[in-house]
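Below is input.txt, holding compact mmCIF, C-alpha atoms.
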```txt
# COMPACT_ATOMS: atom_id res chain seq x y z
CA MET A 821 0.00 0.00 0.00
CA LYS A 822 1.30 3.42 -0.97
CA ILE A 823 1.16 6.05 1.77
CA ILE A 824 0.93 9.74 0.90
CA ASP A 825 1.06 12.48 3.51
CA ALA A 826 -1.49 15.20 2.75
CA GLN A 827 0.52 17.94 4.51
CA VAL A 828 4.15 18.60 5.27
CA HIS A 829 6.14 21.83 5.51
CA ILE A 830 9.69 22.50 4.38
CA TRP A 831 11.52 25.82 4.71
CA ARG A 832 14.96 27.35 4.31
CA GLN A 833 14.72 30.31 6.69
CA THR A 834 12.58 31.81 9.43
CA ILE A 835 11.91 35.48 8.71
CA SER A 836 9.24 35.16 11.39
CA PRO A 837 9.21 32.40 14.04
CA PRO A 838 7.32 29.23 13.04
CA THR A 839 3.78 29.44 14.32
CA GLY A 840 2.26 27.50 17.19
CA LYS A 841 3.92 24.22 18.09
CA HIS A 842 5.91 23.86 14.89
CA ARG A 843 9.57 22.98 15.33
CA LYS A 844 11.58 26.04 16.24
CA VAL A 845 14.36 25.31 13.78
CA SER A 846 15.89 27.52 11.10
CA GLN A 847 15.17 25.12 8.26
CA VAL A 848 13.76 21.77 7.21
CA THR A 849 15.08 20.79 3.80
CA ALA A 850 13.42 18.59 1.21
CA GLU A 851 16.09 15.97 1.81
CA GLU A 852 15.63 16.06 5.58
CA MET A 853 11.90 15.54 5.12
CA LEU A 854 12.50 12.66 2.71
CA LYS A 855 14.70 10.98 5.31
CA GLU A 856 11.91 11.25 7.89
CA MET A 857 9.37 9.97 5.37
CA ASP A 858 11.55 6.98 4.51
CA GLU A 859 11.99 6.09 8.18
CA ALA A 860 8.22 6.29 8.72
CA GLY A 861 7.29 4.34 5.56
CA VAL A 862 5.74 7.31 3.76
CA ASP A 863 6.03 7.22 -0.02
CA ALA A 864 5.15 10.77 -0.98
CA ALA A 865 3.92 14.04 0.49
CA LEU A 866 2.00 17.16 -0.43
CA ILE A 867 4.01 20.25 0.55
CA HIS A 868 2.19 23.28 1.96
CA PRO A 869 4.68 26.17 1.86
CA PRO A 870 4.77 28.01 5.23
CA MET A 871 4.84 31.46 3.65
CA SER A 872 4.13 33.21 6.94
CA TRP A 873 7.58 32.40 8.29
CA ASP A 874 9.49 31.79 5.05
CA PRO A 875 8.28 33.88 2.09
CA THR A 876 10.57 31.86 -0.22
CA SER A 877 9.13 28.50 0.81
CA GLN A 878 6.85 28.19 -2.22
CA ASP A 879 9.81 28.43 -4.59
CA MET A 880 11.58 25.86 -2.42
CA ALA A 881 8.56 23.53 -2.57
CA LEU A 882 8.35 23.76 -6.35
CA GLU A 883 12.08 23.06 -6.61
CA ALA A 884 11.59 19.96 -4.44
CA ALA A 885 8.67 18.74 -6.55
CA LYS A 886 10.70 19.22 -9.72
CA LYS A 887 13.71 17.40 -8.26
CA TYR A 888 11.67 14.59 -6.67
CA PRO A 889 8.51 14.31 -8.80
CA ASP A 890 7.67 10.85 -7.48
CA ARG A 891 7.89 12.06 -3.87
CA TYR A 892 6.48 15.59 -3.72
CA ALA A 893 3.68 17.79 -5.00
CA VAL A 894 2.57 21.25 -3.82
CA MET A 895 -0.52 23.11 -2.63
CA GLY A 896 0.47 26.73 -3.12
CA SER A 897 -0.90 30.21 -2.61
CA PHE A 898 -0.72 33.83 -3.69
CA ASP A 899 -1.78 37.06 -2.01
CA PRO A 900 -5.58 36.62 -1.80
CA LYS A 901 -6.09 40.33 -1.07
CA ASN A 902 -5.02 41.28 -4.59
CA PRO A 903 -7.69 40.64 -7.27
CA ALA A 904 -5.02 41.18 -9.92
CA ASN A 905 -3.82 37.70 -9.02
CA LYS A 906 -6.88 36.43 -10.86
CA ALA A 907 -4.53 36.20 -13.84
CA LEU A 908 -2.50 33.49 -12.09
CA ILE A 909 -5.36 31.04 -11.69
CA PRO A 910 -5.92 29.69 -15.23
CA THR A 911 -2.29 28.54 -15.53
CA TRP A 912 -1.67 27.73 -11.84
CA ARG A 913 -1.29 24.00 -12.43
CA LYS A 914 1.17 24.51 -15.27
CA GLN A 915 3.82 25.01 -12.61
CA PRO A 916 5.48 21.57 -12.31
CA GLY A 917 4.21 19.84 -9.21
CA MET A 918 1.55 22.43 -8.37
CA MET A 919 -1.80 20.81 -7.52
CA GLY A 920 -4.02 23.52 -6.07
CA LEU A 921 -4.44 26.33 -3.56
CA ARG A 922 -4.37 26.55 0.20
CA TRP A 923 -4.92 29.40 2.63
CA ALA A 924 -5.12 28.67 6.35
CA LEU A 925 -6.76 32.03 7.17
CA LEU A 926 -5.80 31.57 10.81
CA HIS A 927 -5.55 35.17 11.90
CA PRO A 928 -8.35 37.71 12.56
CA PRO A 929 -7.34 40.13 9.75
CA GLU A 930 -7.46 37.27 7.24
CA GLN A 931 -10.80 36.07 8.56
CA LYS A 932 -12.13 39.63 8.37
CA LEU A 933 -11.42 39.60 4.63
CA LEU A 934 -13.32 36.32 4.35
CA HIS A 935 -16.31 37.55 6.35
CA GLU A 936 -16.50 40.81 4.40
CA GLY A 937 -16.43 39.04 1.03
CA ALA A 938 -13.06 40.47 -0.02
CA LEU A 939 -11.97 37.00 -1.18
CA ASP A 940 -15.13 36.21 -3.11
CA TRP A 941 -13.42 36.78 -6.44
CA ILE A 942 -11.30 33.66 -5.87
CA TRP A 943 -13.98 30.96 -5.63
CA PRO A 944 -15.58 31.20 -9.11
CA GLU A 945 -12.18 31.54 -10.77
CA ALA A 946 -10.84 28.45 -9.00
CA GLU A 947 -14.02 26.53 -9.80
CA ARG A 948 -13.65 27.44 -13.47
CA ALA A 949 -10.00 26.35 -13.47
CA GLY A 950 -10.69 23.08 -11.66
CA LEU A 951 -8.44 23.94 -8.72
CA ALA A 952 -9.00 22.35 -5.32
CA ILE A 953 -8.72 24.74 -2.35
CA GLY A 954 -7.80 23.84 1.22
CA MET A 955 -8.61 26.04 4.23
CA MET A 956 -8.77 25.81 8.00
CA GLY A 957 -12.52 25.80 7.61
CA GLY A 958 -13.12 24.46 11.11
CA ILE A 959 -12.52 28.02 12.30
CA PHE A 960 -15.28 29.45 10.07
CA LEU A 961 -17.66 26.60 9.26
CA LYS A 962 -20.59 28.86 8.35
CA GLU A 963 -18.58 30.78 5.77
CA PHE A 964 -16.98 27.58 4.48
CA ARG A 965 -20.43 26.07 3.95
CA GLY A 966 -21.55 29.17 2.11
CA ILE A 967 -18.67 28.93 -0.35
CA ALA A 968 -19.31 25.21 -0.94
CA GLU A 969 -23.01 25.81 -1.55
CA ARG A 970 -22.50 28.73 -3.93
CA TYR A 971 -19.84 26.94 -6.00
CA PRO A 972 -20.80 23.24 -6.19
CA GLY A 973 -18.09 22.56 -8.78
CA LEU A 974 -15.34 23.85 -6.51
CA LYS A 975 -13.49 21.10 -4.67
CA LEU A 976 -12.90 22.23 -1.11
CA ILE A 977 -10.80 20.66 1.65
CA LEU A 978 -11.33 21.14 5.37
CA ASP A 979 -7.86 21.17 6.92
CA HIS A 980 -6.85 19.38 10.12
CA CYS A 981 -9.97 17.23 10.50
CA GLY A 982 -12.22 20.31 10.39
CA LEU A 983 -12.10 20.41 14.20
CA ASN A 984 -11.66 23.16 16.79
CA ARG A 985 -8.02 23.99 16.15
CA LEU A 986 -7.41 25.38 19.64
CA GLY A 987 -9.10 22.54 21.52
CA GLN A 988 -7.96 19.13 22.68
CA ASP A 989 -9.81 16.02 23.83
CA ALA A 990 -13.59 16.71 23.99
CA GLU A 991 -13.02 20.43 23.34
CA ALA A 992 -11.62 19.62 19.89
CA PHE A 993 -14.97 18.14 18.82
CA ILE A 994 -17.35 20.89 20.00
CA HIS A 995 -18.40 21.65 16.41
CA LEU A 996 -18.45 18.06 15.19
CA ASP A 997 -22.17 18.00 14.35
CA GLU A 998 -21.86 21.12 12.21
CA MET A 999 -18.69 19.82 10.60
CA THR A 1000 -20.10 16.40 9.73
CA ALA A 1001 -23.28 18.02 8.36
CA LEU A 1002 -21.08 19.54 5.65
CA ALA A 1003 -20.58 16.02 4.29
CA LYS A 1004 -23.96 16.36 2.56
CA LEU A 1005 -22.18 18.69 0.13
CA PRO A 1006 -20.31 16.42 -2.30
CA ASN A 1007 -17.66 19.04 -3.09
CA VAL A 1008 -16.32 19.06 0.50
CA ALA A 1009 -13.52 16.72 1.65
CA VAL A 1010 -11.53 16.48 4.87
CA LYS A 1011 -7.78 16.41 5.32
CA MET A 1012 -7.26 14.23 8.40
CA THR A 1013 -4.00 15.94 9.23
CA GLY A 1014 -2.79 16.68 12.73
CA ALA A 1015 -5.11 14.21 14.45
CA PRO A 1016 -2.69 13.29 17.29
CA HIS A 1017 -2.49 16.97 18.22
CA TYR A 1018 -6.13 16.86 19.34
CA SER A 1019 -5.46 14.39 22.15
CA THR A 1020 -3.63 14.92 25.45
CA GLN A 1021 -3.43 11.15 25.87
CA PRO A 1022 -0.45 9.07 24.69
CA TYR A 1023 -0.45 6.94 21.53
CA PRO A 1024 -2.81 5.46 20.34
CA PHE A 1025 -4.94 8.46 21.37
CA LYS A 1026 -7.96 6.42 22.41
CA ASN A 1027 -10.09 9.39 23.41
CA ILE A 1028 -10.30 10.86 19.90
CA GLN A 1029 -10.92 7.64 17.99
CA ASP A 1030 -14.72 7.77 18.29
CA GLY A 1031 -14.75 11.33 16.96
CA LEU A 1032 -12.59 10.37 14.00
CA HIS A 1033 -14.91 7.43 13.36
CA ARG A 1034 -17.87 9.82 13.15
CA ILE A 1035 -16.00 11.88 10.58
CA PHE A 1036 -15.26 8.74 8.56
CA ASP A 1037 -18.92 7.66 8.72
CA ALA A 1038 -20.02 11.08 7.46
CA TYR A 1039 -17.54 11.61 4.62
CA GLY A 1040 -16.49 8.08 3.65
CA PRO A 1041 -13.08 6.99 2.35
CA ASP A 1042 -13.30 8.89 -0.93
CA ARG A 1043 -13.29 12.25 0.85
CA LEU A 1044 -10.86 11.65 3.70
CA PHE A 1045 -7.12 12.21 3.31
CA TRP A 1046 -4.57 11.01 5.88
CA GLY A 1047 -1.68 13.31 6.68
CA THR A 1048 0.45 14.63 9.49
CA ASP A 1049 1.70 18.23 9.54
CA ILE A 1050 4.61 16.36 11.08
CA THR A 1051 6.68 19.38 12.12
CA ARG A 1052 4.21 20.07 14.94
CA MET A 1053 3.12 16.57 15.93
CA PRO A 1054 3.47 15.33 19.55
CA CYS A 1055 4.43 11.81 18.46
CA THR A 1056 6.76 10.12 15.99
CA TYR A 1057 6.15 10.14 12.25
CA ARG A 1058 5.80 6.36 12.30
CA GLN A 1059 3.14 6.60 15.02
CA CYS A 1060 1.20 9.05 12.86
CA VAL A 1061 1.15 6.34 10.20
CA THR A 1062 0.31 3.35 12.41
CA PHE A 1063 -2.37 5.30 14.28
CA PHE A 1064 -4.41 5.02 11.08
CA THR A 1065 -3.07 1.78 9.62
CA GLU A 1066 -3.14 -0.31 12.83
CA GLU A 1067 -5.21 1.32 15.56
CA LEU A 1068 -8.54 2.17 13.91
CA PRO A 1069 -10.50 -1.10 13.55
CA TRP A 1070 -13.08 0.48 11.25
CA LEU A 1071 -10.45 1.50 8.68
CA LYS A 1072 -9.41 -1.54 6.65
CA GLY A 1073 -8.89 -2.90 3.14
CA GLN A 1074 -9.70 -0.65 0.20
CA ASP A 1075 -11.03 2.04 2.52
CA LEU A 1076 -7.63 2.24 4.20
CA GLU A 1077 -5.82 2.42 0.87
CA LYS A 1078 -8.04 5.30 -0.20
CA VAL A 1079 -7.61 7.28 3.00
CA MET A 1080 -3.84 6.76 3.04
CA GLY A 1081 -3.32 8.31 -0.37
CA ARG A 1082 -5.51 7.29 -3.26
CA SER A 1083 -8.42 9.60 -2.45
CA LEU A 1084 -6.18 12.64 -1.99
CA CYS A 1085 -4.57 12.13 -5.37
CA LYS A 1086 -7.90 11.75 -7.09
CA TRP A 1087 -9.37 14.83 -5.40
CA ILE A 1088 -6.54 17.21 -6.29
CA GLY A 1089 -5.62 15.65 -9.63
CA TRP A 1090 -2.19 14.34 -8.65
CA ASP A 1091 -1.30 11.70 -11.27
CA TYR A 1092 0.65 9.61 -8.78
CA LYS A 1093 1.81 6.19 -9.96
CA PHE A 1094 0.42 3.70 -7.46
CA SER A 1095 1.57 0.61 -9.34
```

Take the structure from the file and write it as structure tokens.
Amino acid sequence: MKIIDAQVHIWRQTISPPTGKHRKVSQVTAEEMLKEMDEAGVDAALIHPPMSWDPTSQDMALEAAKKYPDRYAVMGSFDPKNPANKALIPTWRKQPGMMGLRWALLHPPEQKLLHEGALDWIWPEAERAGLAIGMMGGIFLKEFRGIAERYPGLKLILDHCGLNRLGQDAEAFIHLDEMTALAKLPNVAVKMTGAPHYSTQPYPFKNIQDGLHRIFDAYGPDRLFWGTDITRMPCTYRQCVTFFTEELPWLKGQDLEKVMGRSLCKWIGWDYKFS
């Protein structure tokens, strides 16, 4: 079974400190990440450039995807405040290794733009171009739903399980009903990245397994994508893998193969060679 990580970061500098619990290191190179992937049994990974602390990280990600096309692809971004960037969208995927778009929109000024409609020019253009977009939609589920409903041809991805990013244990799942209700919209998928972060218990994180099962039951294996965000995980890379491959009794067979990579590639249009 091929295993593809739906989110990793690499960077060459820290103009600003890495956010949150990410490793406080000056760089993580493509080769360093490959070494970690190899040790964990991960075949490939989707790079999300951490532009907030390394503005050159997108160029670095594209260089990595060009150098290691069977190991890396990229979900990139541009300044969403500038409507002139509309011109970038039709040819976005012509950049080697570029699969789609991703904005976390973590901070209040960014969310203000979203709430005020300043980003509304992006959604129809991305829909027209067939670009998938990932966002930390668990922070703004109402607005995320509105985008998905208005643009049914736009493939959207809820980052980090779509849960309460600042919560752990039961607090992480306070919006679970609202989040799973989004599964009725067929253009919404969930990136199951960062799951161990939501538990204060040790591996195998028993207290979040029922919540993850509910997400699986709502979205199914075709719209769930395993991944790690490994540079901020509280456990080893290998444990991030085996948490899904060995510890979740309801995730087996073809469903497991889909969640561990096949469904991600299909959703974003990554022509990864599984055979």

Using all atoms listed in the file, the residue out of A:Ser1095, A:Gln827, A:Gln1074, A:Asn984 with shortest distance to Met853 of chain A is A:Gln827

Between A:Arg891, A:Thr849, A:His935, A:Tyr1039, which has the minimum distance to Ser877 of chain A (counting all atoms listed in the file)?
A:Thr849

Would you compute, for all listed atoms of segment 983-995 of chain A, the axis-aligned bounding box grown by 8 Å on each side, and then report its centre and edge lengths in Å rounded to one decimal, as JSON?
```
{"center_x": -12.9, "center_y": 20.7, "center_z": 19.1, "size_x": 27.0, "size_y": 25.4, "size_z": 25.8}
```

List the spatial neighbours of segment 896-900 of chain A as a PyMOL selection string - criterion: any atom at most 10 Å away, all atoms listed in the file, same-chain residues fewer than 2 positions off excluded.
chain A and resi 867-871+877-879+881-882+893-894+902-906+908-909+912-913+917-923+930+933-934+938-942+953-954

Separation of atom CA of Leu974 of chain A from atom CA of Arg948 of chain A, in Å and rounded to one decimal:
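Interatomic distance here is 8.0 Å.
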
Nearest to Met999 of chain A, chosen from A:Gly1081, A:Gly1073, A:Gly957, A:Pro1054, with only C-alpha atoms counted in the distances
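Of the candidates, the smallest distance to Met999 of chain A is held by A:Gly957.
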
Set the distance at 12 Å and use only C-alpha atoms: which residues neighbour Thr1065 of chain A once local chain neighbours fewer than 2 positions away are removed? I'd like the list as a ChimeraX atom specification.
/A:821-823,861-862,1024,1046-1047,1058-1063,1067-1081

Please report the interatomic distance between atom CA of Ala1003 of chain A and atom CA of Gln1029 of chain A in Å with one decimal.
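Atom-to-atom, atom CA of Ala1003 of chain A and atom CA of Gln1029 of chain A are spaced 18.7 Å apart.
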
Take atom CA of Tyr1057 of chain A and atom CA of Pro875 of chain A and report the distance between them in Å, one decimal.
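Atom-to-atom, atom CA of Tyr1057 of chain A to atom CA of Pro875 of chain A, that is 25.9 Å.
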
Using only C-alpha atoms for the distances, tell me which of A:Thr1020, A:Met955, A:Glu945, A:Ala826 is nearest to Trp1087 of chain A.
A:Ala826

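Distances from A:Arg1082, A:Ile1035, A:Glu883, A:Ala946 to Ala907 of chain A were compared using all atoms listed in the file, and the smallest one belongs to A:Ala946.
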
Of the listed residues A:His1017, A:Gly1031, A:Thr1051, A:Ala990, that which approaches Pro838 of chain A most closely, counting all atoms listed in the file
A:Thr1051

Give as a count of residues only each residue that has an atom at most 10 Å from (8.4, 19.6, 19.7) in the file, counting only C-alpha atoms.
10

Can you tell me, as a ChimeraX atom specification, what residues are no more than 8 Å from Ile959 of chain A when counting all atoms listed in the file, ignoring any on the same chain fewer than 6 positions away?
/A:926,982-985

Using only C-alpha atoms, list the residues that have an atom at most 9 Å from (4.5, 8.4, -9.8), coordinates as in the file, as a compact mmCIF listing (two decimals) with C-alpha atoms, in the coordinates of the input.
```txt
# COMPACT_ATOMS: atom_id res chain seq x y z
CA PRO A 889 8.51 14.31 -8.80
CA ASP A 890 7.67 10.85 -7.48
CA ARG A 891 7.89 12.06 -3.87
CA ASP A 1091 -1.30 11.70 -11.27
CA TYR A 1092 0.65 9.61 -8.78
CA LYS A 1093 1.81 6.19 -9.96
CA PHE A 1094 0.42 3.70 -7.46
CA SER A 1095 1.57 0.61 -9.34
```

Within 12 Å of Leu1005 of chain A, counting only C-alpha atoms, which residues show up once you throw out same-chain ones fewer than 2 positions away? Write them as a list in words, please.
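Result of the neighbour search: Phe964, Arg965, Gly966, Ile967, Ala968, Glu969, Arg970, Tyr971, Pro972, Gly973, Leu974, Lys975, Leu976, Ile977, Met999, Thr1000, Ala1001, Leu1002, Ala1003, Asn1007, Val1008, Ala1009, Val1010, Ala1038, Tyr1039 and Arg1043 of chain A.
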
Incomplete segment 963-974 of chain A filled out to all heavy atoms as a PDB file, in the frame of the given file:
```pdb
ATOM      1  N   GLU A 963     -19.067  30.179   7.005  1.00  0.00           N
ATOM      2  CA  GLU A 963     -18.580  30.780   5.770  1.00  0.00           C
ATOM      3  C   GLU A 963     -18.094  29.711   4.796  1.00  0.00           C
ATOM      4  O   GLU A 963     -18.317  29.815   3.586  1.00  0.00           O
ATOM      5  CB  GLU A 963     -17.444  31.766   6.084  1.00  0.00           C
ATOM      6  CG  GLU A 963     -17.880  33.042   6.773  1.00  0.00           C
ATOM      7  CD  GLU A 963     -18.190  32.859   8.257  1.00  0.00           C
ATOM      8  OE1 GLU A 963     -17.814  31.798   8.822  1.00  0.00           O
ATOM      9  OE2 GLU A 963     -18.787  33.763   8.857  1.00  0.00           O
ATOM     10  N   PHE A 964     -17.453  28.683   5.323  1.00  0.00           N
ATOM     11  CA  PHE A 964     -16.980  27.580   4.480  1.00  0.00           C
ATOM     12  C   PHE A 964     -18.162  26.904   3.792  1.00  0.00           C
ATOM     13  O   PHE A 964     -18.118  26.630   2.589  1.00  0.00           O
ATOM     14  CB  PHE A 964     -16.212  26.579   5.342  1.00  0.00           C
ATOM     15  CG  PHE A 964     -15.450  25.555   4.559  1.00  0.00           C
ATOM     16  CD1 PHE A 964     -14.125  25.744   4.243  1.00  0.00           C
ATOM     17  CD2 PHE A 964     -16.054  24.377   4.148  1.00  0.00           C
ATOM     18  CE1 PHE A 964     -13.402  24.793   3.525  1.00  0.00           C
ATOM     19  CE2 PHE A 964     -15.359  23.417   3.428  1.00  0.00           C
ATOM     20  CZ  PHE A 964     -14.026  23.630   3.119  1.00  0.00           C
ATOM     21  N   ARG A 965     -19.220  26.665   4.542  1.00  0.00           N
ATOM     22  CA  ARG A 965     -20.430  26.070   3.950  1.00  0.00           C
ATOM     23  C   ARG A 965     -20.990  26.961   2.846  1.00  0.00           C
ATOM     24  O   ARG A 965     -21.390  26.475   1.776  1.00  0.00           O
ATOM     25  CB  ARG A 965     -21.491  25.822   5.021  1.00  0.00           C
ATOM     26  CG  ARG A 965     -22.833  25.384   4.430  1.00  0.00           C
ATOM     27  CD  ARG A 965     -23.893  25.166   5.482  1.00  0.00           C
ATOM     28  NE  ARG A 965     -23.785  23.843   6.074  1.00  0.00           N
ATOM     29  CZ  ARG A 965     -24.299  22.736   5.528  1.00  0.00           C
ATOM     30  NH1 ARG A 965     -24.925  22.780   4.357  1.00  0.00           N
ATOM     31  NH2 ARG A 965     -24.170  21.586   6.139  1.00  0.00           N
ATOM     32  N   GLY A 966     -21.011  28.252   3.099  1.00  0.00           N
ATOM     33  CA  GLY A 966     -21.550  29.170   2.110  1.00  0.00           C
ATOM     34  C   GLY A 966     -20.798  29.111   0.792  1.00  0.00           C
ATOM     35  O   GLY A 966     -21.399  29.126  -0.290  1.00  0.00           O
ATOM     36  N   ILE A 967     -19.481  29.036   0.864  1.00  0.00           N
ATOM     37  CA  ILE A 967     -18.670  28.930  -0.350  1.00  0.00           C
ATOM     38  C   ILE A 967     -18.991  27.621  -1.079  1.00  0.00           C
ATOM     39  O   ILE A 967     -19.191  27.602  -2.301  1.00  0.00           O
ATOM     40  CB  ILE A 967     -17.171  28.997   0.000  1.00  0.00           C
ATOM     41  CG1 ILE A 967     -16.824  30.360   0.594  1.00  0.00           C
ATOM     42  CG2 ILE A 967     -16.317  28.733  -1.247  1.00  0.00           C
ATOM     43  CD1 ILE A 967     -15.468  30.395   1.267  1.00  0.00           C
ATOM     44  N   ALA A 968     -19.043  26.520  -0.325  1.00  0.00           N
ATOM     45  CA  ALA A 968     -19.310  25.210  -0.940  1.00  0.00           C
ATOM     46  C   ALA A 968     -20.677  25.169  -1.596  1.00  0.00           C
ATOM     47  O   ALA A 968     -20.842  24.553  -2.660  1.00  0.00           O
ATOM     48  CB  ALA A 968     -19.193  24.119   0.126  1.00  0.00           C
ATOM     49  N   GLU A 969     -21.660  25.809  -0.989  1.00  0.00           N
ATOM     50  CA  GLU A 969     -23.010  25.810  -1.550  1.00  0.00           C
ATOM     51  C   GLU A 969     -23.110  26.685  -2.791  1.00  0.00           C
ATOM     52  O   GLU A 969     -23.792  26.323  -3.757  1.00  0.00           O
ATOM     53  CB  GLU A 969     -24.007  26.276  -0.493  1.00  0.00           C
ATOM     54  CG  GLU A 969     -24.220  25.272   0.630  1.00  0.00           C
ATOM     55  CD  GLU A 969     -25.147  25.774   1.716  1.00  0.00           C
ATOM     56  OE1 GLU A 969     -25.292  27.016   1.863  1.00  0.00           O
ATOM     57  OE2 GLU A 969     -25.734  24.940   2.423  1.00  0.00           O
ATOM     58  N   ARG A 970     -22.423  27.818  -2.787  1.00  0.00           N
ATOM     59  CA  ARG A 970     -22.500  28.730  -3.930  1.00  0.00           C
ATOM     60  C   ARG A 970     -21.737  28.221  -5.144  1.00  0.00           C
ATOM     61  O   ARG A 970     -22.086  28.550  -6.283  1.00  0.00           O
ATOM     62  CB  ARG A 970     -21.971  30.119  -3.544  1.00  0.00           C
ATOM     63  CG  ARG A 970     -22.840  30.859  -2.551  1.00  0.00           C
ATOM     64  CD  ARG A 970     -22.490  32.340  -2.489  1.00  0.00           C
ATOM     65  NE  ARG A 970     -21.096  32.607  -2.185  1.00  0.00           N
ATOM     66  CZ  ARG A 970     -20.599  32.666  -0.959  1.00  0.00           C
ATOM     67  NH1 ARG A 970     -21.393  32.437   0.090  1.00  0.00           N
ATOM     68  NH2 ARG A 970     -19.311  32.942  -0.771  1.00  0.00           N
ATOM     69  N   TYR A 971     -20.688  27.411  -4.901  1.00  0.00           N
ATOM     70  CA  TYR A 971     -19.840  26.940  -6.000  1.00  0.00           C
ATOM     71  C   TYR A 971     -19.723  25.426  -5.932  1.00  0.00           C
ATOM     72  O   TYR A 971     -18.696  24.876  -5.521  1.00  0.00           O
ATOM     73  CB  TYR A 971     -18.465  27.616  -5.917  1.00  0.00           C
ATOM     74  CG  TYR A 971     -18.581  29.117  -5.932  1.00  0.00           C
ATOM     75  CD1 TYR A 971     -18.497  29.850  -4.748  1.00  0.00           C
ATOM     76  CD2 TYR A 971     -18.831  29.799  -7.116  1.00  0.00           C
ATOM     77  CE1 TYR A 971     -18.647  31.230  -4.753  1.00  0.00           C
ATOM     78  CE2 TYR A 971     -18.975  31.177  -7.132  1.00  0.00           C
ATOM     79  CZ  TYR A 971     -18.888  31.886  -5.955  1.00  0.00           C
ATOM     80  OH  TYR A 971     -19.049  33.248  -5.963  1.00  0.00           O
ATOM     81  N   PRO A 972     -20.768  24.702  -6.342  1.00  0.00           N
ATOM     82  CA  PRO A 972     -20.800  23.240  -6.190  1.00  0.00           C
ATOM     83  C   PRO A 972     -19.745  22.518  -7.009  1.00  0.00           C
ATOM     84  O   PRO A 972     -19.453  21.345  -6.751  1.00  0.00           O
ATOM     85  CB  PRO A 972     -22.211  22.867  -6.631  1.00  0.00           C
ATOM     86  CG  PRO A 972     -22.655  24.002  -7.501  1.00  0.00           C
ATOM     87  CD  PRO A 972     -22.020  25.231  -6.923  1.00  0.00           C
ATOM     88  N   GLY A 973     -19.149  23.183  -7.995  1.00  0.00           N
ATOM     89  CA  GLY A 973     -18.090  22.560  -8.780  1.00  0.00           C
ATOM     90  C   GLY A 973     -16.703  22.799  -8.225  1.00  0.00           C
ATOM     91  O   GLY A 973     -15.723  22.315  -8.795  1.00  0.00           O
ATOM     92  N   LEU A 974     -16.625  23.536  -7.126  1.00  0.00           N
ATOM     93  CA  LEU A 974     -15.340  23.850  -6.510  1.00  0.00           C
ATOM     94  C   LEU A 974     -15.003  22.810  -5.460  1.00  0.00           C
ATOM     95  O   LEU A 974     -15.737  22.636  -4.478  1.00  0.00           O
ATOM     96  CB  LEU A 974     -15.404  25.240  -5.860  1.00  0.00           C
ATOM     97  CG  LEU A 974     -14.170  25.701  -5.082  1.00  0.00           C
ATOM     98  CD1 LEU A 974     -12.942  25.785  -5.986  1.00  0.00           C
ATOM     99  CD2 LEU A 974     -14.447  27.042  -4.408  1.00  0.00           C
TER     100      LEU A 974
END
```
